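Dropping data-v7.pdb in here (PDB, C-alpha atoms, pLDDT in the B column):
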ATOM      1  CA  MET P 845    -117.794-230.891 179.330  1.00 48.00           C
ATOM      2  CA  ASN P 846    -121.140-232.593 179.130  1.00 53.00           C
ATOM      3  CA  ALA P 847    -121.645-236.312 178.581  1.00 52.00           C
ATOM      4  CA  THR P 848    -122.873-236.009 174.988  1.00 54.00           C
ATOM      5  CA  SER P 849    -119.860-234.168 173.547  1.00 52.00           C
ATOM      6  CA  LEU P 850    -116.590-235.739 172.608  1.00 52.00           C
ATOM      7  CA  PRO P 851    -113.276-234.001 173.396  1.00 53.00           C
ATOM      8  CA  HIS P 852    -112.440-233.418 169.706  1.00 54.00           C
ATOM      9  CA  GLU P 853    -115.776-231.806 168.814  1.00 59.00           C
ATOM     10  CA  HIS P 854    -115.862-228.068 168.196  1.00 56.00           C
ATOM     11  CA  HIS P 855    -118.616-226.253 170.071  1.00 59.00           C
ATOM     12  CA  PHE P 856    -118.759-222.503 170.064  1.00 57.00           C
ATOM     13  CA  PRO P 857    -119.905-220.637 172.079  1.00 55.00           C
ATOM     14  CA  ASP P 858    -118.791-222.583 175.132  1.00 57.00           C
ATOM     15  CA  ASN P 859    -121.881-222.399 177.309  1.00 57.00           C
ATOM     16  CA  ASP P 860    -120.478-224.834 179.873  1.00 62.00           C
ATOM     17  CA  ARG P 861    -117.828-222.402 181.177  1.00 58.00           C
ATOM     18  CA  THR P 862    -119.409-218.979 180.711  1.00 55.00           C
ATOM     19  CA  THR P 863    -122.751-217.238 180.764  1.00 52.00           C
ATOM     20  CA  ARG P 864    -121.704-214.707 178.107  1.00 52.00           C
ATOM     21  CA  SER P 865    -122.131-215.906 174.545  1.00 56.00           C
ATOM     22  CA  HIS P 866    -119.016-214.477 172.848  1.00 56.00           C
ATOM     23  CA  VAL P 867    -116.305-214.371 175.499  1.00 54.00           C
ATOM     24  CA  GLY P 868    -112.964-215.278 173.910  1.00 58.00           C
ATOM     25  CA  GLU P 869    -114.487-215.866 170.484  1.00 64.00           C
ATOM     26  CA  SER P 870    -111.439-214.647 168.575  1.00 63.00           C
ATOM     27  CA  ILE P 871    -109.082-217.038 170.331  1.00 66.00           C
ATOM     28  CA  GLU P 872    -111.249-220.065 171.099  1.00 70.00           C
ATOM     29  CA  ASP P 873    -112.883-220.294 167.678  1.00 75.00           C
ATOM     30  CA  TYR P 874    -110.016-221.707 165.621  1.00 81.00           C
ATOM     31  CA  LEU P 875    -111.667-220.631 162.364  1.00 84.00           C
ATOM     32  CA  ASN P 876    -110.648-217.047 163.276  1.00 87.00           C
ATOM     33  CA  TRP P 877    -106.941-217.893 163.473  1.00 90.00           C
ATOM     34  CA  PRO P 878    -106.099-217.473 159.755  1.00 93.00           C
ATOM     35  CA  GLY P 879    -107.700-214.028 159.835  1.00 94.00           C
ATOM     36  CA  LEU P 880    -105.839-213.042 162.994  1.00 92.00           C
ATOM     37  CA  LEU P 881    -102.581-214.293 161.477  1.00 96.00           C
ATOM     38  CA  LEU P 882    -103.180-212.246 158.325  1.00 97.00           C
ATOM     39  CA  VAL P 883    -103.931-209.134 160.391  1.00 97.00           C
ATOM     40  CA  GLY P 884    -100.651-209.680 162.267  1.00 97.00           C
ATOM     41  CA  ILE P 885     -98.725-210.079 159.003  1.00 98.00           C
ATOM     42  CA  GLY P 886    -100.439-206.957 157.683  1.00 98.00           C
ATOM     43  CA  ILE P 887     -99.309-204.942 160.705  1.00 98.00           C
ATOM     44  CA  VAL P 888     -95.723-206.173 160.309  1.00 98.00           C
ATOM     45  CA  ALA P 889     -95.878-205.347 156.587  1.00 98.00           C
ATOM     46  CA  LEU P 890     -97.158-201.866 157.465  1.00 98.00           C
ATOM     47  CA  ALA P 891     -94.106-201.367 159.692  1.00 98.00           C
ATOM     48  CA  ALA P 892     -91.899-202.594 156.837  1.00 97.00           C
ATOM     49  CA  THR P 893     -93.630-200.149 154.482  1.00 98.00           C
ATOM     50  CA  LEU P 894     -92.939-197.223 156.762  1.00 97.00           C
ATOM     51  CA  THR P 895     -89.346-198.315 157.331  1.00 97.00           C
ATOM     52  CA  ALA P 896     -88.651-198.787 153.610  1.00 97.00           C
ATOM     53  CA  ALA P 897     -90.270-195.458 152.784  1.00 97.00           C
ATOM     54  CA  GLY P 898     -88.250-193.742 155.512  1.00 97.00           C
ATOM     55  CA  TYR P 899     -84.982-195.056 154.110  1.00 97.00           C
ATOM     56  CA  GLY P 900     -85.942-194.122 150.553  1.00 96.00           C
ATOM     57  CA  PHE P 901     -86.507-197.611 149.124  1.00 97.00           C
ATOM     58  CA  ALA P 902     -89.564-196.787 147.008  1.00 96.00           C
ATOM     59  CA  GLY P 903     -89.785-200.227 145.363  1.00 97.00           C
ATOM     60  CA  TRP P 904     -89.722-202.098 148.650  1.00 97.00           C
ATOM     61  CA  ALA P 905     -92.154-199.622 150.173  1.00 97.00           C
ATOM     62  CA  LEU P 906     -94.596-200.277 147.331  1.00 97.00           C
ATOM     63  CA  ILE P 907     -94.293-204.064 147.669  1.00 97.00           C
ATOM     64  CA  ALA P 908     -94.683-203.956 151.458  1.00 97.00           C
ATOM     65  CA  GLY P 909     -97.592-201.508 151.154  1.00 97.00           C
ATOM     66  CA  ILE P 910     -99.485-203.752 148.770  1.00 98.00           C
ATOM     67  CA  THR P 911     -98.750-206.779 150.967  1.00 98.00           C
ATOM     68  CA  SER P 912     -99.948-204.879 154.033  1.00 98.00           C
ATOM     69  CA  ALA P 913    -103.193-203.777 152.385  1.00 98.00           C
ATOM     70  CA  VAL P 914    -103.990-207.252 151.027  1.00 98.00           C
ATOM     71  CA  CYS P 915    -103.237-209.013 154.325  1.00 98.00           C
ATOM     72  CA  LEU P 916    -105.192-206.528 156.429  1.00 98.00           C
ATOM     73  CA  LEU P 917    -108.233-206.595 154.152  1.00 98.00           C
ATOM     74  CA  ALA P 918    -108.211-210.396 153.873  1.00 98.00           C
ATOM     75  CA  GLY P 919    -107.672-210.885 157.620  1.00 97.00           C
ATOM     76  CA  ILE P 920    -110.418-208.484 158.642  1.00 96.00           C
ATOM     77  CA  SER P 921    -112.758-210.062 156.086  1.00 96.00           C
ATOM     78  CA  ILE P 922    -112.118-213.554 157.456  1.00 94.00           C
ATOM     79  CA  VAL P 923    -112.684-212.460 161.068  1.00 90.00           C
ATOM     80  CA  LEU P 924    -115.896-210.613 160.178  1.00 89.00           C
ATOM     81  CA  ALA P 925    -117.170-213.524 158.072  1.00 90.00           C
ATOM     82  CA  GLU P 926    -116.578-215.974 160.913  1.00 88.00           C
ATOM     83  CA  HIS P 927    -118.191-213.648 163.438  1.00 84.00           C
ATOM     84  CA  SER P 928    -121.242-213.231 161.212  1.00 84.00           C
ATOM     85  CA  ARG P 929    -121.398-217.044 160.791  1.00 84.00           C
ATOM     86  CA  ILE P 930    -121.499-217.454 164.580  1.00 81.00           C
ATOM     87  CA  LYS P 931    -124.177-214.770 164.873  1.00 78.00           C
ATOM     88  CA  ALA P 932    -126.214-216.389 162.066  1.00 80.00           C
ATOM     89  CA  LEU P 933    -126.138-219.715 163.923  1.00 77.00           C
ATOM     90  CA  GLU P 934    -127.760-217.859 166.814  1.00 74.00           C
ATOM     91  CA  GLY P 935    -130.360-216.314 164.503  1.00 75.00           C
ATOM     92  CA  LEU P 936    -128.858-212.831 164.765  1.00 71.00           C
ATOM     93  CA  ARG P 937    -127.374-210.358 162.312  1.00 71.00           C
ATOM     94  CA  LEU P 938    -123.775-209.144 162.531  1.00 64.00           C
ATOM     95  CA  ARG P 939    -124.839-205.708 163.785  1.00 66.00           C
ATOM     96  CA  ASP P 940    -127.231-206.950 166.502  1.00 63.00           C
ATOM     97  CA  PRO P 941    -125.909-205.531 169.815  1.00 64.00           C
ATOM     98  CA  CYS P 942    -126.139-208.500 172.125  1.00 61.00           C
ATOM     99  CA  GLY P 943    -123.829-211.141 173.489  1.00 52.00           C
ATOM    100  CA  HIS P 944    -120.915-209.048 174.703  1.00 50.00           C
TER     101      HIS P 944
END

If you took the structure in this file and wrote it as C-alpha coordinates, what would it be?
Amino acid sequence: MNATSLPHEHHFPDNDRTTRSHVGESIEDYLNWPGLLLVGIGIVALAATLTAAGYGFAGWALIAGITSAVCLLAGISIVLAEHSRIKALEGLRLRDPCGH
(Lines of atoms letter the chains of each structure in order from A and count residues from 1; the text may use other names and numbers.)
(Lines give C-alpha, C1' and ligand atoms only; values in the text may rest on other atoms or scores of the structure.)
Protein backbone atom coordinates (compact mmCIF):
# COMPACT_ATOMS: atom_id res chain seq x y z
CA MET A 1 0.00 0.00 0.00
CA ASN A 2 1.42 3.36 -0.91
CA ALA A 3 1.55 6.35 1.41
CA THR A 4 -1.20 8.32 -0.33
CA SER A 5 -3.97 5.72 -0.06
CA LEU A 6 -6.01 5.00 3.00
CA PRO A 7 -6.89 1.41 3.98
CA HIS A 8 -10.63 1.90 3.33
CA GLU A 9 -10.22 3.33 -0.17
CA HIS A 10 -11.16 1.16 -3.13
CA HIS A 11 -8.52 1.02 -5.85
CA PHE A 12 -8.89 -1.36 -8.73
CA PRO A 13 -6.81 -2.63 -10.43
CA ASP A 14 -4.31 -3.23 -7.66
CA ASN A 15 -1.07 -2.20 -9.32
CA ASP A 16 0.93 -2.48 -6.10
CA ARG A 17 0.72 -6.29 -5.95
CA THR A 18 0.57 -7.35 -9.59
CA THR A 19 1.82 -6.37 -13.01
CA ARG A 20 -1.30 -7.70 -14.76
CA SER A 21 -4.19 -5.26 -14.87
CA HIS A 22 -7.19 -7.57 -14.28
CA VAL A 23 -5.95 -10.40 -12.09
CA GLY A 24 -8.68 -11.35 -9.61
CA GLU A 25 -11.06 -8.67 -10.84
CA SER A 26 -14.19 -10.71 -10.19
CA ILE A 27 -13.33 -11.32 -6.55
CA GLU A 28 -11.39 -8.22 -5.53
CA ASP A 29 -13.76 -5.70 -7.10
CA TYR A 30 -16.65 -5.83 -4.64
CA LEU A 31 -19.02 -4.23 -7.16
CA ASN A 32 -19.03 -7.60 -8.98
CA TRP A 33 -20.31 -9.51 -5.95
CA PRO A 34 -24.06 -8.91 -6.48
CA GLY A 35 -23.70 -10.18 -10.04
CA LEU A 36 -21.75 -13.24 -8.94
CA LEU A 37 -24.34 -13.94 -6.24
CA LEU A 38 -27.16 -13.70 -8.78
CA VAL A 39 -25.34 -16.06 -11.15
CA GLY A 40 -24.96 -18.53 -8.27
CA ILE A 41 -28.66 -18.26 -7.41
CA GLY A 42 -29.49 -18.71 -11.09
CA ILE A 43 -27.47 -21.93 -11.25
CA VAL A 44 -29.19 -23.28 -8.13
CA ALA A 45 -32.57 -22.30 -9.60
CA LEU A 46 -31.64 -24.11 -12.82
CA ALA A 47 -30.96 -27.26 -10.79
CA ALA A 48 -34.32 -26.78 -9.05
CA THR A 49 -36.00 -26.38 -12.45
CA LEU A 50 -34.56 -29.63 -13.71
CA THR A 51 -35.43 -31.45 -10.49
CA ALA A 52 -39.02 -30.16 -10.46
CA ALA A 53 -39.47 -30.99 -14.13
CA GLY A 54 -38.05 -34.48 -13.56
CA TYR A 55 -40.53 -35.18 -10.78
CA GLY A 56 -43.44 -33.81 -12.81
CA PHE A 57 -44.10 -30.60 -10.87
CA ALA A 58 -44.82 -28.36 -13.87
CA GLY A 59 -45.81 -25.31 -11.79
CA TRP A 60 -42.67 -25.38 -9.69
CA ALA A 61 -40.56 -26.03 -12.77
CA LEU A 62 -42.02 -22.93 -14.42
CA ILE A 63 -41.41 -20.75 -11.35
CA ALA A 64 -37.85 -22.02 -10.91
CA GLY A 65 -37.18 -21.64 -14.64
CA ILE A 66 -38.28 -18.03 -14.67
CA THR A 67 -36.27 -17.34 -11.51
CA SER A 68 -33.22 -19.00 -13.06
CA ALA A 69 -33.47 -17.00 -16.29
CA VAL A 70 -33.96 -13.67 -14.49
CA CYS A 71 -31.11 -14.26 -12.03
CA LEU A 72 -28.67 -15.45 -14.70
CA LEU A 73 -29.44 -12.57 -17.05
CA ALA A 74 -29.27 -9.96 -14.27
CA GLY A 75 -26.07 -11.42 -12.80
CA ILE A 76 -24.27 -11.63 -16.13
CA SER A 77 -25.41 -8.10 -16.98
CA ILE A 78 -24.05 -6.73 -13.70
CA VAL A 79 -20.68 -8.47 -14.13
CA LEU A 80 -20.35 -7.27 -17.74
CA ALA A 81 -21.38 -3.72 -16.82
CA GLU A 82 -18.79 -3.58 -14.04
CA HIS A 83 -16.11 -5.04 -16.29
CA SER A 84 -16.88 -2.49 -19.00
CA ARG A 85 -16.76 0.29 -16.35
CA ILE A 86 -13.26 -0.83 -15.34
CA LYS A 87 -12.18 -0.98 -18.98
CA ALA A 88 -13.67 2.48 -19.65
CA LEU A 89 -11.65 3.91 -16.76
CA GLU A 90 -8.58 2.63 -18.58
CA GLY A 91 -9.75 4.17 -21.86
CA LEU A 92 -10.53 0.80 -23.43
CA ARG A 93 -13.65 -0.85 -24.82
CA LEU A 94 -15.09 -4.06 -23.38
CA ARG A 95 -13.91 -6.12 -26.35
CA ASP A 96 -10.32 -4.80 -26.41
CA PRO A 97 -8.05 -7.86 -25.94
CA CYS A 98 -5.53 -6.64 -23.41
CA GLY A 99 -4.97 -6.91 -19.70
CA HIS A 100 -5.34 -10.64 -19.15

So, counting all atoms listed in the file, which residue among P:Ile885, P:Ala902, P:Ala896, P:Ala932 is closest to Val914 in chain P?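 Ranking P:Ile885, P:Ala902, P:Ala896, P:Ala932 by distance to Val914 in chain P, first place goes to P:Ile885.
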
Can you list, as an NGL selection string, the residues that the PyMOL selection byres ((chain P and resi 909) around 10) selects here? :P and (886 or 889-894 or 896-897 or 903-908 or 910-915)

Would you work out the distance separating CA of Ile920 in chain P from CA of Ile887 in chain P, expressed in Å to one decimal? 11.8 Å

In Å to one decimal, how far is CA of Ser928 in chain P from CA of Asn876 in chain P? 11.4 Å

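Take CA of Leu881 in chain P and CA of Thr895 in chain P: the distance between them is 21.2 Å.
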
Residues returned when the PyMOL selection byres ((chain P and resi 926) around 12) runs on this file, as number ranges by chain: P: 856, 869-870, 873-880, 919-925, 927-933, 938
